[in-house]
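Q: Next up, model_14.txt (compact mmCIF, C-alpha atoms).
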```txt
# COMPACT_ATOMS: atom_id res chain seq x y z
CA MET D 265 -8.82 27.77 -11.77
CA THR D 266 -9.18 24.50 -13.72
CA ALA D 267 -6.37 21.97 -13.30
CA PRO D 268 -4.55 21.09 -16.55
CA ARG D 269 -5.64 17.78 -18.05
CA ALA D 270 -3.71 15.09 -19.88
CA PRO D 271 -3.99 15.16 -23.70
CA ARG D 272 -6.96 13.07 -24.86
CA TRP D 273 -4.86 11.28 -27.46
CA ARG D 274 -2.33 10.09 -24.90
CA GLU D 275 -1.93 6.33 -24.61
CA VAL D 276 -1.81 5.00 -21.06
CA ARG D 277 0.20 1.78 -20.95
CA ALA D 278 0.72 1.46 -17.18
CA ALA D 279 -1.52 2.07 -14.18
CA TYR D 280 -1.12 1.74 -10.41
CA PHE D 281 -4.09 1.70 -8.01
CA ALA D 282 -3.96 1.73 -4.20
CA PHE D 283 -6.67 2.11 -1.55
CA ASP D 284 -4.34 4.40 0.38
CA ARG D 285 -3.85 8.12 0.73
CA PHE D 286 -1.01 9.56 -1.33
CA PRO D 287 1.06 11.43 -0.47
CA SER D 288 1.07 11.06 3.31
CA SER D 289 3.46 10.48 6.19
CA LYS D 290 2.77 6.73 6.20
CA GLY D 291 5.40 4.31 5.01
CA SER D 292 2.90 2.91 2.52
CA ALA D 293 2.87 6.28 0.72
CA VAL D 294 6.65 6.16 0.31
CA HIS D 295 6.32 2.65 -1.09
CA ILE D 296 3.56 3.69 -3.50
CA GLY D 297 5.62 6.63 -4.73
CA GLN D 298 8.72 4.55 -5.35
CA MET D 299 6.97 1.60 -6.99
CA ALA D 300 4.77 3.79 -9.19
CA ALA D 301 7.75 5.92 -10.25
CA ALA D 302 9.68 2.82 -11.36
CA LEU D 303 6.64 1.49 -13.25
CA PHE D 304 5.95 4.78 -15.02
CA GLU D 305 9.60 5.29 -15.91
CA GLU D 306 9.55 1.91 -17.65
CA PHE D 307 6.38 2.70 -19.64
CA GLY D 308 6.85 6.41 -20.29
CA GLY D 309 4.24 7.61 -17.82
CA GLY D 310 0.94 6.26 -16.57
CA LEU D 311 -2.10 6.63 -14.33
CA LEU D 312 -1.91 6.61 -10.53
CA GLY D 313 -5.23 6.11 -8.72
CA VAL D 314 -5.16 6.63 -4.93
CA LEU D 315 -7.15 8.06 -2.02
CA GLY D 316 -7.30 11.79 -1.44
CA GLY D 317 -8.75 14.05 1.19
CA GLY D 318 -7.92 17.29 2.89
CA ALA D 319 -6.28 19.83 0.58
CA LEU D 320 -5.09 17.21 -1.91
CA PRO D 321 -6.43 17.89 -5.43
CA ARG D 322 -8.76 15.35 -7.02
CA TYR D 323 -6.66 15.40 -10.18
CA GLN D 324 -3.07 16.19 -11.16
CA TRP D 325 -1.30 16.10 -14.51
CA GLU D 326 2.51 16.00 -14.50
CA PRO D 327 3.50 16.53 -18.15
CA ASP D 328 7.24 16.25 -17.50
CA ARG D 329 6.74 12.62 -16.38
CA GLY D 330 3.59 11.87 -18.34
CA VAL D 331 1.82 10.92 -15.10
CA GLU D 332 -1.82 11.46 -14.17
CA ILE D 333 -2.79 11.27 -10.51
CA ALA D 334 -6.49 10.76 -9.74
CA ARG D 335 -7.73 10.73 -6.15
CA PHE D 336 -10.87 9.17 -4.72
CA GLY D 337 -12.24 11.61 -2.17
CA GLU D 338 -15.78 10.50 -1.33
CA ARG D 339 -16.53 10.85 2.39
CA ILE D 340 -18.20 7.54 3.21
CA PRO D 341 -17.96 6.67 6.94
CA ASN D 342 -18.40 2.90 6.65
CA LEU D 343 -15.14 1.27 5.57
CA ILE D 344 -16.71 -1.49 3.48
CA ASP D 345 -19.09 0.91 1.72
CA ARG D 346 -16.17 3.24 1.01
CA ALA D 347 -14.05 0.38 -0.34
CA GLU D 348 -16.84 -0.78 -2.65
CA ALA D 349 -17.39 2.77 -3.94
CA TYR D 350 -13.64 3.03 -4.54
CA SER D 351 -13.71 -0.21 -6.57
CA ALA D 352 -16.38 1.25 -8.82
CA TRP D 353 -14.28 4.42 -9.16
CA VAL D 354 -11.25 2.32 -10.21
CA ALA D 355 -13.33 0.53 -12.85
CA ALA D 356 -14.48 3.87 -14.28
CA HIS D 357 -10.91 5.20 -14.47
CA LEU D 358 -9.61 1.98 -15.97
CA ALA D 359 -12.18 1.56 -18.75
CA PRO D 360 -10.97 4.37 -21.08
CA HIS D 361 -7.49 2.82 -21.20
CA ALA D 362 -8.39 -0.87 -21.60
CA ALA D 363 -7.20 -0.97 -25.23
CA THR D 364 -3.73 0.50 -24.58
CA LEU D 365 -2.96 -0.69 -21.06
CA ARG D 366 -0.18 -3.28 -20.81
CA VAL D 367 0.41 -3.54 -17.05
CA CYS D 368 -1.79 -2.67 -14.09
CA HIS D 369 -0.25 -2.77 -10.63
CA VAL D 370 -2.60 -3.05 -7.63
CA ARG D 371 -1.96 -3.01 -3.90
CA ASP D 372 -5.15 -4.30 -2.24
CA PRO D 373 -8.23 -6.38 -3.03
CA TRP D 374 -10.48 -3.34 -3.60
CA SER D 375 -8.11 -2.05 -6.26
CA ALA D 376 -7.55 -5.54 -7.66
CA LEU D 377 -11.17 -6.68 -8.06
CA PRO D 378 -12.21 -4.31 -10.90
CA VAL D 379 -8.82 -4.77 -12.55
CA VAL D 380 -8.77 -8.58 -12.67
CA THR D 381 -12.46 -8.90 -13.60
CA ALA D 382 -12.58 -6.28 -16.37
CA PRO D 383 -14.32 -7.82 -19.41
CA GLY D 384 -11.89 -9.00 -22.09
CA ARG D 385 -8.81 -7.63 -20.33
CA ARG D 386 -5.59 -7.93 -22.30
CA TYR D 387 -3.19 -6.34 -19.82
CA ARG D 388 -1.13 -8.09 -17.15
CA VAL D 389 -1.96 -7.62 -13.49
CA VAL D 390 0.66 -7.38 -10.75
CA TYR D 391 -0.82 -7.73 -7.26
CA GLU D 392 1.45 -6.29 -4.57
CA VAL D 393 0.63 -7.81 -1.17
CA ASN D 394 2.09 -5.95 1.80
CA GLY D 395 -0.58 -7.30 4.11
CA LEU D 396 -3.97 -9.00 4.03
CA PRO D 397 -6.96 -6.89 5.12
CA SER D 398 -8.81 -10.02 6.21
CA ILE D 399 -6.13 -10.43 8.90
CA GLU D 400 -5.23 -6.81 9.70
CA LEU D 401 -8.82 -5.61 10.09
CA ALA D 402 -9.29 -8.00 12.99
CA HIS D 403 -6.79 -5.80 14.88
CA THR D 404 -7.73 -2.33 13.59
CA TRP D 405 -11.48 -3.03 13.57
CA PRO D 406 -12.08 -5.45 16.50
CA SER D 407 -15.85 -5.28 16.10
CA ALA D 408 -15.70 -6.56 12.52
CA PRO D 409 -18.06 -9.56 12.18
CA PRO D 410 -16.30 -12.84 11.32
CA ALA D 411 -18.58 -13.16 8.28
CA THR D 412 -17.27 -9.84 6.94
CA LEU D 413 -13.64 -10.91 7.41
CA ALA D 414 -14.41 -14.23 5.68
CA ARG D 415 -15.99 -12.34 2.79
CA ILE D 416 -12.87 -10.16 2.47
CA ALA D 417 -10.66 -13.27 2.55
CA GLY D 418 -12.72 -14.72 -0.30
CA LEU D 419 -12.25 -11.49 -2.25
CA GLU D 420 -8.49 -11.67 -1.67
CA ASP D 421 -8.37 -15.26 -2.90
CA ARG D 422 -10.34 -14.37 -6.03
CA CYS D 423 -7.97 -11.53 -6.88
CA LEU D 424 -4.83 -13.54 -6.09
CA GLU D 425 -6.05 -16.37 -8.31
CA ARG D 426 -6.55 -14.06 -11.30
CA ALA D 427 -3.39 -11.95 -10.95
CA ASP D 428 -0.54 -12.72 -13.34
CA ALA D 429 2.13 -12.06 -10.70
CA VAL D 430 2.11 -11.48 -6.95
CA VAL D 431 4.80 -9.30 -5.36
CA VAL D 432 5.56 -9.53 -1.63
CA PRO D 433 8.12 -7.72 0.57
CA SER D 434 8.93 -10.63 2.90
CA GLY D 435 9.28 -14.39 3.07
CA VAL D 436 6.64 -14.51 5.82
CA ILE D 437 3.98 -13.09 3.49
CA ALA D 438 5.19 -15.32 0.65
CA SER D 439 4.71 -18.39 2.86
CA ALA D 440 1.27 -17.20 3.98
CA LEU D 441 0.14 -16.78 0.37
CA ALA D 442 1.53 -20.18 -0.60
CA ARG D 443 -0.57 -21.70 2.20
CA ARG D 444 -3.56 -19.84 0.75
CA GLY D 445 -3.01 -21.70 -2.52
CA VAL D 446 -1.08 -19.16 -4.60
CA PRO D 447 1.38 -21.08 -6.85
CA GLU D 448 4.92 -20.39 -5.70
CA ASP D 449 6.10 -19.64 -9.24
CA ARG D 450 3.76 -16.62 -9.30
CA ILE D 451 5.05 -15.20 -5.98
CA HIS D 452 7.98 -12.80 -6.34
CA LEU D 453 9.89 -11.57 -3.30
CA VAL D 454 10.97 -7.92 -3.63
CA PRO D 455 12.34 -6.78 -0.24
CA ASN D 456 11.71 -3.19 0.79
CA GLY D 457 14.59 -0.87 0.02
CA ALA D 458 15.85 2.17 1.87
CA ASP D 459 17.66 5.36 1.02
CA VAL D 460 20.71 5.31 3.30
CA PRO D 461 21.26 8.81 4.68
CA PRO D 462 24.72 10.28 5.17
CA GLU D 463 26.37 9.77 8.53
CA THR D 464 24.73 11.95 11.14
CA PRO D 465 25.91 13.12 14.58
CA ARG D 466 24.87 11.10 17.59
CA PRO D 467 21.75 12.62 19.23
CA HIS D 468 22.76 14.63 22.28
CA ASP D 469 20.14 12.91 24.46
CA ALA D 470 20.81 9.35 23.26
CA PRO D 471 21.56 6.71 25.92
CA GLU D 472 25.09 5.36 26.02
CA ARG D 473 23.92 1.97 24.74
CA TYR D 474 20.57 1.32 23.14
CA VAL D 475 18.55 -0.93 20.87
CA VAL D 476 16.45 0.88 18.24
CA TYR D 477 13.04 -0.11 16.90
CA VAL D 478 11.95 1.88 13.84
CA GLY D 479 8.48 1.23 12.45
CA ALA D 480 4.76 1.34 12.95
CA LEU D 481 2.97 0.60 16.22
CA GLN D 482 0.11 -1.55 14.93
CA PRO D 483 -0.55 -4.67 17.04
CA TRP D 484 0.61 -7.07 14.32
CA GLN D 485 4.11 -5.53 14.24
CA GLY D 486 5.04 -7.55 17.34
CA LEU D 487 6.11 -4.65 19.53
CA ASP D 488 4.66 -6.47 22.55
CA VAL D 489 7.10 -9.31 21.88
CA LEU D 490 9.97 -6.82 21.74
CA LEU D 491 8.98 -5.28 25.08
CA ARG D 492 8.79 -8.69 26.78
CA ALA D 493 12.12 -9.72 25.28
CA PHE D 494 13.79 -6.49 26.36
CA ALA D 495 12.56 -7.02 29.92
CA ARG D 496 14.79 -10.12 30.01
CA LEU D 497 17.82 -7.88 29.46
CA ALA D 498 17.36 -6.04 32.75
CA ASP D 499 20.75 -7.31 33.98
CA LEU D 500 22.47 -5.31 31.22
CA THR D 501 22.62 -2.04 33.10
CA GLY D 502 22.69 1.07 30.96
CA LEU D 503 21.05 -0.59 27.94
CA ARG D 504 17.95 1.24 26.77
CA LEU D 505 15.23 0.62 24.20
CA VAL D 506 14.50 3.50 21.82
CA ILE D 507 11.27 3.33 19.80
CA CYS D 508 11.04 5.55 16.72
CA SER D 509 7.62 5.85 15.10
CA SER D 510 5.81 8.69 13.35
CA VAL D 511 2.48 8.54 15.18
CA PRO D 512 0.68 11.07 17.38
CA GLU D 513 1.73 10.91 21.04
CA ARG D 514 -1.79 9.92 22.15
CA ARG D 515 -1.76 6.84 19.91
CA ALA D 516 1.80 5.98 20.89
CA ARG D 517 0.79 5.67 24.54
```
Transcribe the structure of this file into structure tokens.
A:
Amino acid sequence: MTAPRAPRWREVRAAYFAFDRFPSSKGSAVHIGQMAAALFEEFGGGLLGVLGGGALPRYQWEPDRGVEIARFGERIPNLIDRAEAYSAWVAAHLAPHAATLRVCHVRDPWSALPVVTAPGRRYRVVYEVNGLPSIELAHTWPSAPPATLARIAGLEDRCLERADAVVVPSGVIASALARRGVPEDRIHLVPNGADVPPETPRPHDAPERYVVYVGALQPWQGLDVLLRAFARLADLTGLRLVICSSVPERRAR
């Protein structure tokens, strides 16, 4: 069965690209969904370009929202090769809408590069920086050659320089980008939001007193600092540390 396609005459005025799987259980997917929804609501629909895989369809058309979702699903083992192929894919999806596009929102340098360097672009580019691959890859990919990380940092700088606005979720990232040379008047702090759930019963197995950490377990999150700090509270008998994170048990250990 062929998936329904968007009407050929439809004008796409907003696009959002992210080198991340969507949807998924990761917090980044929640962020992508919320940011893209707000963007498309403002412009009456748009194009969302993300990573796919598994049972996710390569293409979706949501006529009620006027949203197209295209997914890059090439199985390329090498991360850099896959990122470069994704950049070419973004360029191909962007080109048909160059004349009507008004805003393109990107989330990483591989999405940003084809967007900021498109010939004769007339649309504005918003670069959302939740982290810098040139820094994070040193933790997730310890064998990455320094020359490769330096090349990625250069790519980041090129994209940041050409973006019309840079959105960050924290003051720490804002300061890091300012030190990288991004003019402060182009950096916009938009803190992460949260849907506050209704009051829930206390878990039956919860300690009497506890400190909660909710978040990812990547090395740069500083969980090691939390564990060392909590060890200094050993004199507070009955106080426990509860770590909540949606990762497989093997990785959590």
Q: So which one's closest to D:Ser398, D:Ala356, D:Val506, D:Ile344, D:Val476? Using only C-alpha atoms, please.
A: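 Closest to D:Ser398, using only C-alpha atoms: D:Ile344.
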Q: Could you pull the residues within 12 Å of stretch 300-304 of chain D, counting all atoms listed in the file, minus those fewer than 2 positions along the same chain, as a PyMOL selection string?
A: chain D and resi 276-282+286+292-298+306-314+326+328-333+366-371+390+392
Q: Work out how far atom CA of D:Arg346 is from atom CA of D:Pro360, in Å to one decimal.
A: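 Between atom CA of D:Pro360 and atom CA of D:Arg346 the gap is 22.7 Å.
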Q: For a cut-off of 12 Å around (-9.8, -14.2, -1.0), file coordinates, pick out all residues using all atoms listed in the file and list them as a PyMOL selection string.
A: chain D and resi 372-374+376-377+396-399+412-426+441+444-446
Q: Under the rule that all atoms listed in the file are counted, which of D:Glu472, D:Leu315, D:Val393, D:Ser509 is the nearest residue to D:Val454?
A: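 Nearest to D:Val454: D:Val393.
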Q: Give as a short mmCIF file (atom, residue, chain, number, x, y, z; two decimals) with C-alpha atoms, in the coordinates of the input every residue, naming chains and numbers as the document does, that has an atom within 12 Å of (20.0, -2.0, 19.1), counting all atoms listed in the file.
A:
```cif
data_model
loop_
_atom_site.label_atom_id
_atom_site.label_comp_id
_atom_site.auth_asym_id
_atom_site.auth_seq_id
_atom_site.Cartn_x
_atom_site.Cartn_y
_atom_site.Cartn_z
CA PRO D 471 21.56 6.71 25.92
CA GLU D 472 25.09 5.36 26.02
CA ARG D 473 23.92 1.97 24.74
CA TYR D 474 20.57 1.32 23.14
CA VAL D 475 18.55 -0.93 20.87
CA VAL D 476 16.45 0.88 18.24
CA TYR D 477 13.04 -0.11 16.90
CA VAL D 478 11.95 1.88 13.84
CA LEU D 490 9.97 -6.82 21.74
CA PHE D 494 13.79 -6.49 26.36
CA LEU D 503 21.05 -0.59 27.94
CA ARG D 504 17.95 1.24 26.77
CA LEU D 505 15.23 0.62 24.20
CA VAL D 506 14.50 3.50 21.82
CA ILE D 507 11.27 3.33 19.80
CA CYS D 508 11.04 5.55 16.72
#
```
Q: Report the distance between atom CA of D:Leu500 and atom CA of D:Ala470 in Å, rounded to one decimal place.
A: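 Taking atom CA of D:Leu500 as the start and atom CA of D:Ala470 as the end point, the length is 16.8 Å.
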Q: So which residues touch D:Arg339 within 12 Å, counting all atoms listed in the file, skipping near sequence neighbours fewer than 3 positions away, as number ranges by chain?
A: D: 315-318, 336, 342-343, 345-347, 349-350
Q: Which one is closest to D:Val354: D:Phe283, D:Glu338, D:Pro383, D:Asn394? Count all atoms listed in the file.
A: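 Looking at the shortest contact to D:Val354, the residue is D:Phe283.
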Q: What lies within 10 Å of D:Ala359 using only C-alpha atoms, ignoring chain neighbours under 5 positions off, as a list in words?
A: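 Close residues of D:Ala359: Val354, Leu365, Pro378, Val379, Ala382, Pro383 and Arg385 of chain D.
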Q: Fix up stretch 331-342 of chain D with all heavy atoms, then write it as a PDB file, keeping the file's coordinate frame.
A:
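Contents of out_38.pdb, as written:
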```pdb
ATOM      1  N   VAL D 331       2.549  11.634 -16.156  1.00  0.00           N
ATOM      2  CA  VAL D 331       1.820  10.920 -15.100  1.00  0.00           C
ATOM      3  C   VAL D 331       0.552  11.674 -14.722  1.00  0.00           C
ATOM      4  O   VAL D 331       0.581  12.876 -14.459  1.00  0.00           O
ATOM      5  CB  VAL D 331       2.716  10.736 -13.853  1.00  0.00           C
ATOM      6  CG1 VAL D 331       1.904  10.151 -12.696  1.00  0.00           C
ATOM      7  CG2 VAL D 331       3.912   9.852 -14.176  1.00  0.00           C
ATOM      8  N   GLU D 332      -0.558  10.955 -14.698  1.00  0.00           N
ATOM      9  CA  GLU D 332      -1.820  11.460 -14.170  1.00  0.00           C
ATOM     10  C   GLU D 332      -2.021  10.893 -12.773  1.00  0.00           C
ATOM     11  O   GLU D 332      -1.807   9.698 -12.550  1.00  0.00           O
ATOM     12  CB  GLU D 332      -2.991  11.015 -15.037  1.00  0.00           C
ATOM     13  CG  GLU D 332      -3.026  11.559 -16.441  1.00  0.00           C
ATOM     14  CD  GLU D 332      -4.196  10.981 -17.216  1.00  0.00           C
ATOM     15  OE1 GLU D 332      -5.342  11.345 -16.903  1.00  0.00           O
ATOM     16  OE2 GLU D 332      -3.950  10.147 -18.109  1.00  0.00           O
ATOM     17  N   ILE D 333      -2.458  11.735 -11.856  1.00  0.00           N
ATOM     18  CA  ILE D 333      -2.790  11.270 -10.510  1.00  0.00           C
ATOM     19  C   ILE D 333      -4.261  11.608 -10.257  1.00  0.00           C
ATOM     20  O   ILE D 333      -4.653  12.779 -10.280  1.00  0.00           O
ATOM     21  CB  ILE D 333      -1.917  11.926  -9.433  1.00  0.00           C
ATOM     22  CG1 ILE D 333      -0.427  11.680  -9.716  1.00  0.00           C
ATOM     23  CG2 ILE D 333      -2.285  11.390  -8.047  1.00  0.00           C
ATOM     24  CD1 ILE D 333       0.495  12.371  -8.728  1.00  0.00           C
ATOM     25  N   ALA D 334      -5.070  10.585 -10.055  1.00  0.00           N
ATOM     26  CA  ALA D 334      -6.490  10.760  -9.740  1.00  0.00           C
ATOM     27  C   ALA D 334      -6.715  10.291  -8.313  1.00  0.00           C
ATOM     28  O   ALA D 334      -6.161   9.260  -7.899  1.00  0.00           O
ATOM     29  CB  ALA D 334      -7.354   9.974 -10.715  1.00  0.00           C
ATOM     30  N   ARG D 335      -7.512  11.057  -7.565  1.00  0.00           N
ATOM     31  CA  ARG D 335      -7.730  10.730  -6.150  1.00  0.00           C
ATOM     32  C   ARG D 335      -9.211  10.554  -5.861  1.00  0.00           C
ATOM     33  O   ARG D 335     -10.034  11.398  -6.205  1.00  0.00           O
ATOM     34  CB  ARG D 335      -7.139  11.809  -5.243  1.00  0.00           C
ATOM     35  CG  ARG D 335      -5.621  11.905  -5.316  1.00  0.00           C
ATOM     36  CD  ARG D 335      -5.065  12.912  -4.294  1.00  0.00           C
ATOM     37  NE  ARG D 335      -3.612  12.911  -4.330  1.00  0.00           N
ATOM     38  CZ  ARG D 335      -2.890  13.721  -5.097  1.00  0.00           C
ATOM     39  NH1 ARG D 335      -3.489  14.575  -5.909  1.00  0.00           N
ATOM     40  NH2 ARG D 335      -1.563  13.667  -5.069  1.00  0.00           N
ATOM     41  N   PHE D 336      -9.511   9.453  -5.172  1.00  0.00           N
ATOM     42  CA  PHE D 336     -10.870   9.170  -4.720  1.00  0.00           C
ATOM     43  C   PHE D 336     -11.080   9.920  -3.409  1.00  0.00           C
ATOM     44  O   PHE D 336     -10.341   9.702  -2.437  1.00  0.00           O
ATOM     45  CB  PHE D 336     -11.047   7.670  -4.516  1.00  0.00           C
ATOM     46  CG  PHE D 336     -12.379   7.265  -3.956  1.00  0.00           C
ATOM     47  CD1 PHE D 336     -13.481   7.157  -4.781  1.00  0.00           C
ATOM     48  CD2 PHE D 336     -12.531   6.995  -2.608  1.00  0.00           C
ATOM     49  CE1 PHE D 336     -14.715   6.782  -4.274  1.00  0.00           C
ATOM     50  CE2 PHE D 336     -13.751   6.615  -2.084  1.00  0.00           C
ATOM     51  CZ  PHE D 336     -14.854   6.513  -2.922  1.00  0.00           C
ATOM     52  N   GLY D 337     -12.075  10.784  -3.361  1.00  0.00           N
ATOM     53  CA  GLY D 337     -12.240  11.610  -2.170  1.00  0.00           C
ATOM     54  C   GLY D 337     -13.626  11.578  -1.564  1.00  0.00           C
ATOM     55  O   GLY D 337     -13.962  12.458  -0.766  1.00  0.00           O
ATOM     56  N   GLU D 338     -14.433  10.572  -1.895  1.00  0.00           N
ATOM     57  CA  GLU D 338     -15.780  10.500  -1.330  1.00  0.00           C
ATOM     58  C   GLU D 338     -15.721  10.249   0.183  1.00  0.00           C
ATOM     59  O   GLU D 338     -14.987   9.376   0.640  1.00  0.00           O
ATOM     60  CB  GLU D 338     -16.581   9.392  -2.006  1.00  0.00           C
ATOM     61  CG  GLU D 338     -16.796   9.597  -3.496  1.00  0.00           C
ATOM     62  CD  GLU D 338     -17.571  10.862  -3.802  1.00  0.00           C
ATOM     63  OE1 GLU D 338     -18.473  11.203  -2.999  1.00  0.00           O
ATOM     64  OE2 GLU D 338     -17.268  11.516  -4.814  1.00  0.00           O
ATOM     65  N   ARG D 339     -16.500  10.999   0.932  1.00  0.00           N
ATOM     66  CA  ARG D 339     -16.530  10.850   2.390  1.00  0.00           C
ATOM     67  C   ARG D 339     -17.625   9.853   2.766  1.00  0.00           C
ATOM     68  O   ARG D 339     -18.793  10.215   2.945  1.00  0.00           O
ATOM     69  CB  ARG D 339     -16.770  12.189   3.062  1.00  0.00           C
ATOM     70  CG  ARG D 339     -15.637  13.186   2.817  1.00  0.00           C
ATOM     71  CD  ARG D 339     -15.869  14.471   3.585  1.00  0.00           C
ATOM     72  NE  ARG D 339     -14.755  15.399   3.415  1.00  0.00           N
ATOM     73  CZ  ARG D 339     -14.691  16.588   4.008  1.00  0.00           C
ATOM     74  NH1 ARG D 339     -15.681  16.990   4.799  1.00  0.00           N
ATOM     75  NH2 ARG D 339     -13.647  17.382   3.808  1.00  0.00           N
ATOM     76  N   ILE D 340     -17.256   8.607   2.876  1.00  0.00           N
ATOM     77  CA  ILE D 340     -18.200   7.540   3.210  1.00  0.00           C
ATOM     78  C   ILE D 340     -17.717   6.913   4.518  1.00  0.00           C
ATOM     79  O   ILE D 340     -16.661   6.274   4.563  1.00  0.00           O
ATOM     80  CB  ILE D 340     -18.244   6.483   2.088  1.00  0.00           C
ATOM     81  CG1 ILE D 340     -18.618   7.154   0.754  1.00  0.00           C
ATOM     82  CG2 ILE D 340     -19.222   5.371   2.431  1.00  0.00           C
ATOM     83  CD1 ILE D 340     -18.561   6.235  -0.439  1.00  0.00           C
ATOM     84  N   PRO D 341     -18.452   7.103   5.624  1.00  0.00           N
ATOM     85  CA  PRO D 341     -17.960   6.670   6.940  1.00  0.00           C
ATOM     86  C   PRO D 341     -17.680   5.170   7.043  1.00  0.00           C
ATOM     87  O   PRO D 341     -16.670   4.770   7.617  1.00  0.00           O
ATOM     88  CB  PRO D 341     -19.090   7.088   7.892  1.00  0.00           C
ATOM     89  CG  PRO D 341     -19.810   8.183   7.173  1.00  0.00           C
ATOM     90  CD  PRO D 341     -19.726   7.827   5.722  1.00  0.00           C
ATOM     91  N   ASN D 342     -18.571   4.342   6.517  1.00  0.00           N
ATOM     92  CA  ASN D 342     -18.400   2.900   6.650  1.00  0.00           C
ATOM     93  C   ASN D 342     -17.276   2.416   5.735  1.00  0.00           C
ATOM     94  O   ASN D 342     -17.273   2.690   4.533  1.00  0.00           O
ATOM     95  CB  ASN D 342     -19.701   2.184   6.297  1.00  0.00           C
ATOM     96  CG  ASN D 342     -19.593   0.684   6.461  1.00  0.00           C
ATOM     97  OD1 ASN D 342     -19.145  -0.015   5.550  1.00  0.00           O
ATOM     98  ND2 ASN D 342     -20.001   0.180   7.612  1.00  0.00           N
TER      99      ASN D 342
END
```
